[in-house]
Every structure is written in structure tokens, then in C-alpha cells.
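Engineer: Would you mind keeping the following structure in view while I ask a few things?
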Amino acid sequence: MKISIKSTLKWWHSLEHGTCIHKVFASNAAGISHMKLHHPVMVKEVLDSLYLANGGVMLDMTFGAGGHSKEILQRFETCKLVALDRDPHANDLAKDLADKYRGRVLPLLGRFSDLDALLKENGIRAINGALIDCGCSSMQMDSPSRGFGLATDGPLDMRMDGTRCSRTITAADIVNHSSCQDLSVIFEKYGEEKHARKIARTITHYRRTCGPILTTKQLADVIETSFDKRSKRTDACGRRTHSATKCFMALRIFVNDELNELYQGFKTIEKYMTTGGRIVTITFHSLEDRIVKDLLFHNSSTTIQSETHKKWIALKKKVIIPQFEEINANARSRSAKLRAATRI
Ligand SMILES: C[S@@+](CC[C@H](N)C(=O)[O-])C[C@H]1O[C@@H](n2cnc3c(N)ncnc32)[C@H](O)[C@@H]1O
């Protein structure tokens, strides 16, 4: 299977200077420790799907606030947990959990694409269960200094790694340095935004006439001017959404190379998972779900199903979605899709 985001990223390497967004919001970095922690999605369904004999090695690929990890440690009393996240703040929380559950938790800071090397470095040769809970955490979304959210103003950043990797692109770099054509492709491909071309034109016109776009609010306001004031957008549950929501999601996916990361993470899990081990994925976007379906069940139009090459068997044929009560209590769970499979 070929995912071509990397090729779209190539143009970036010719750029010498990133856009300095953090000057504008230098005083905003504090306060992350007071954030409301991420609320884990479909906990019962995750634990039931991950069920395996006590004592194995479980891998939480997306530790976040550790909501799922804590439940895994409690439910599987003798298991060891490897807790990966690319976000240094999440890694700090994983270290706290390691202190609490002495000898049972190994916190790892890195991306899915670093996982193979990290597991080797730490002498881990096999895993018995893995969870990938895609996307961003509430702490990332709700922290203005991280520049993911539409609700509050902050520097247009969106890097899940924060500032730990030098020379990584920010959303501001993309918004201010991409051609109209590239912006349009990003919004259409990763945000499934129908008005991608029009929005890209509005942004490039604004850049030419008013200067760079440096904050989340500035970008949201510019995108909003592409739409008729009377037009209203709603989500799958009929709730009102901002007209920039899809573009923000597209930028986040692009900045963090999320689809390639997912593919690479999956390949590493495939390599380390013992026969009979289980993988659980939670996706929030049709492109992510397509990658997972393709890798697990070889059922996309791009691959030909071959029984001899099968590596996983689905635990349930149908995708699992949250119960009505969960969606009501936690709006962020509304587009979650859970898939689970056993390694054969
Ligand atoms: C939806 S949150 C996970 C929440 C977590 N399950 C909980 O209960 O708190 C996703 C987390 O995965 C991390 N993440 C996303 N993509 C990643 C990647 N490629 N490598 C490592 N971590 C990643 C993000 O930084 C974020 O903290």
C-alpha cells in the first residue's frame, strides 16, 4: 500500500526559515498542568477486546493522559505496560504512572516511526496486546499554546511533539509558505473539505495583502470569510461546527504526518505481536479507518485479498462505535470507530 503524503512534504525541505509564531504567544506556555485530562473513549470495549492471559506485555501506542493505560494496568494485574507518546507532556504523565506502578510501566518518548528502535533499545522482543487511539488528546486540543484549537487563540503550531524536535514544520509554516494549489490539496485530501480551493484562494490573498497568518483565531477568521454568513455547518450529531473545523483537522494531520505514522506504527506492531496477541485501534477520521481496514483485513480497493498473506483475524466483523450515553457524556467520542483483531 502506498500513501503519498511524504511526497507532498518534500517541498518543505526547500524552505529555509520557518514562521516565528511563538514570539506572539511567548507567555502562553504555562498552565498545561492545570488542563482537564483527556477522557478515554470506549474503555470497556477496549479492555474486552484486549483481553488476554495476565502477564503479557501491553503496548499503549498513544498514552495521552493514560486513561486507557490505567485501566489496562488495573484489569490485567500482572501485565507490563509500554507507554509510548510523541508529546513530552504525555511522557511526563507516563513517568508519573511508572512511579505509581513500580516495575510495570516503561514510558517511551517518540513517534510510531521510532517504535521499532525504541523497543530494541529497551530489550523488548515481543508484545501481547497493543492499543492505538488515534488523533490528539484533549490536553493538546484545549491548550491554546499548542495551537490546535479553534475555541481559543494561540500560536498556529499544531505539533504533537511540541518543540522537542528542532526544524519540524508548524501549521503556520504551511499556511504562510504553501502555494494556493498545495493548500487546496491539503484541505481537500486530509480535511475532505468541499470548498478547499476557495479557502486556499482566500488565505493566499490575505497573505499577499495583510501579511502572515500567525494565530489560530486569525486563521479561523480568514477561513470564515470564504463562507456565506448565513451558511451553517453541523457535525454528524447535528451540532453546530465552525466553518474552519475541517481545515484545522487537515493541517493537524499534515503537520504531524499522521497517516504515514499510523501505517509505520502498524507495521512495527505486526512485527512484534505474538501469535494470538490482540490489536485494538480507535480512529476518528475516514482516512485513518481506511488504513486500519486495509492493514488488518486487506479489504480496500487497493489490495487483493489473499488468504495466505493474512496476518490478522477480526474479533468482530462490524466496527464498534460508542453507545449513545457515551456520546452524550463526551462529545469527542462521537466519530470514534473501534476495530480489534487477533494476530495469526
Ligand atoms: C487521543 S490521544 C490518546 C488518549 C489516551 N488513550 C488516553 O486515554 O488518555 C492520542 C495521543 O497519541 C499521541 N500520538 C498521536 N500520534 C502519535 C505518533 N505518531 N506517535 C506517538 N504518539 C502519537 C498524541 O500525542 C496524543 O497524546
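Following the order of the C-alpha cells, chains are lettered A, B, ..., residues in each are numbered from 1, and ligands are numbered from 1.
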Considering only strand (DSSP E or B) as DSSP defines it on the backbone, what residues of segment 86-124 of chain A qualify? List them as a list of chain:residue names.
Structural biologist: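 Of segment 86-124 of chain A, only A:Val105, A:Leu106, A:Pro107, A:Leu108, A:Leu109 fall in strand (DSSP E or B).
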Engineer: Suppose we keep C-alpha atoms; can you now write the selection as an mmCIF file, in the first residue's frame?
Structural biologist:
```cif
data_model
loop_
_atom_site.group_PDB
_atom_site.id
_atom_site.type_symbol
_atom_site.label_atom_id
_atom_site.label_comp_id
_atom_site.auth_asym_id
_atom_site.auth_seq_id
_atom_site.Cartn_x
_atom_site.Cartn_y
_atom_site.Cartn_z
ATOM 1 C CA VAL A 105 5.393 0.683 33.235
ATOM 2 C CA LEU A 106 8.001 1.646 30.661
ATOM 3 C CA PRO A 107 7.436 5.213 29.419
ATOM 4 C CA LEU A 108 8.801 5.875 25.923
ATOM 5 C CA LEU A 109 9.052 9.283 24.258
#
```
Engineer: Return as a PyMOL selection string the residues of protein, DNA or RNA that approach ligand 1 to within 8 Å, with only C-alpha atoms and all ligand atoms taken into account.
Structural biologist: chain A and resi 37-41+60-69+84-87+90+109-114+132-138+140+160-161+256-258+261-262+265
Engineer: Extract, using only C-alpha atoms, all DNA, RNA and protein residues at most 6 Å from Val280 of chain A, discarding same-chain residues fewer than 2 positions from it, and format them as a PyMOL selection string.
Structural biologist: chain A and resi 131+339-340
Engineer: Could the residues in this selection be written to a file with all heavy atoms, as a short mmCIF file (atom, residue, chain, number, x, y, z; two decimals), in the first residue's frame?
Structural biologist:
```
data_model
loop_
_atom_site.label_atom_id
_atom_site.label_comp_id
_atom_site.auth_asym_id
_atom_site.auth_seq_id
_atom_site.Cartn_x
_atom_site.Cartn_y
_atom_site.Cartn_z
N LEU A 131 -2.65 -1.02 21.71
CA LEU A 131 -3.77 -0.09 21.50
C LEU A 131 -3.26 1.15 20.77
O LEU A 131 -2.24 1.72 21.14
CB LEU A 131 -4.34 0.33 22.87
CG LEU A 131 -5.31 1.53 22.86
CD1 LEU A 131 -6.62 1.17 22.14
CD2 LEU A 131 -5.62 2.00 24.29
N ARG A 339 -11.82 -0.95 16.06
CA ARG A 339 -11.64 -2.24 15.38
C ARG A 339 -10.64 -3.06 16.19
O ARG A 339 -9.70 -2.50 16.77
CB ARG A 339 -11.10 -2.04 13.96
CG ARG A 339 -12.10 -1.36 13.06
CD ARG A 339 -11.65 -1.31 11.63
NE ARG A 339 -12.56 -0.47 10.85
CZ ARG A 339 -13.70 -0.89 10.30
NH1 ARG A 339 -14.05 -2.15 10.41
NH2 ARG A 339 -14.47 -0.06 9.63
N ALA A 340 -10.85 -4.36 16.22
CA ALA A 340 -9.95 -5.20 17.00
C ALA A 340 -9.69 -6.49 16.23
O ALA A 340 -10.56 -6.98 15.51
CB ALA A 340 -10.59 -5.53 18.35
#
```
Engineer: With only C-alpha atoms as the counted atoms, please give the residues lying no more than 6 Å from Arg278 of chain A, apart from itself and same-chain residues fewer than 5 positions off, as a VMD selection string.
Structural biologist: chain A and resid 50 129 341 to 342
Engineer: Using N, CA and C atoms, can you export the residues from the last selection as a compact mmCIF listing (two decimals), in the first residue's frame?
Structural biologist:
```
# COMPACT_ATOMS: atom_id res chain seq x y z
N LEU A 50 -9.02 -6.34 24.28
CA LEU A 50 -7.60 -6.62 24.56
C LEU A 50 -7.41 -7.84 25.43
N GLY A 129 -0.32 -7.38 23.34
CA GLY A 129 -1.51 -6.58 23.05
C GLY A 129 -1.09 -5.15 22.75
N ALA A 341 -8.47 -6.99 16.38
CA ALA A 341 -8.10 -8.21 15.64
C ALA A 341 -7.07 -9.02 16.42
N THR A 342 -7.01 -10.30 16.07
CA THR A 342 -6.03 -11.22 16.66
C THR A 342 -4.96 -11.55 15.65
```
Engineer: Using only C-alpha atoms, pick whichever of A:Met58, A:Leu214, A:Ala94, A:Ile199 has the shortest atom-to-atom distance to Val185 of chain A.
Structural biologist: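 Ranking A:Met58, A:Leu214, A:Ala94, A:Ile199 by distance to Val185 of chain A, first place goes to A:Ile199.
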Engineer: Point out the residue among A:Glu77, A:Asp173, A:Asp157, A:Asp142 with the least atom-to-atom distance to Ala53 of chain A, counting only C-alpha atoms.
Structural biologist: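 The answer is A:Glu77, which sits nearest to Ala53 of chain A.
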Engineer: From the options A:Arg104, A:Lys316, A:Arg332, A:Lys311, which residue's atoms come nearest to Gly277 of chain A, counting only C-alpha atoms?
Structural biologist: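 Of A:Arg104, A:Lys316, A:Arg332, A:Lys311, the one nearest Gly277 of chain A is A:Lys311, counting only C-alpha atoms.
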Engineer: Could you check which of A:Leu251, A:Val43, A:Leu150, A:Ile279 is closest to Ile344 of chain A, using only C-alpha atoms?
Structural biologist: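 Checking each candidate against Ile344 of chain A, we get A:Ile279 as the closest.
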Engineer: Tell me which protein, DNA and RNA residues are within 6 Å of Ala200 of chain A, counting only C-alpha atoms, leaving out same-chain ones fewer than 2 positions away, and put them as number ranges by chain.
Structural biologist: A: 180, 183-184, 197-198, 202-203
Engineer: For Gly149 of chain A, which residue out of A:Ala83, A:Ala314, A:Arg102, A:Phe248 is the nearest one, using only C-alpha atoms?
Structural biologist: A:Phe248
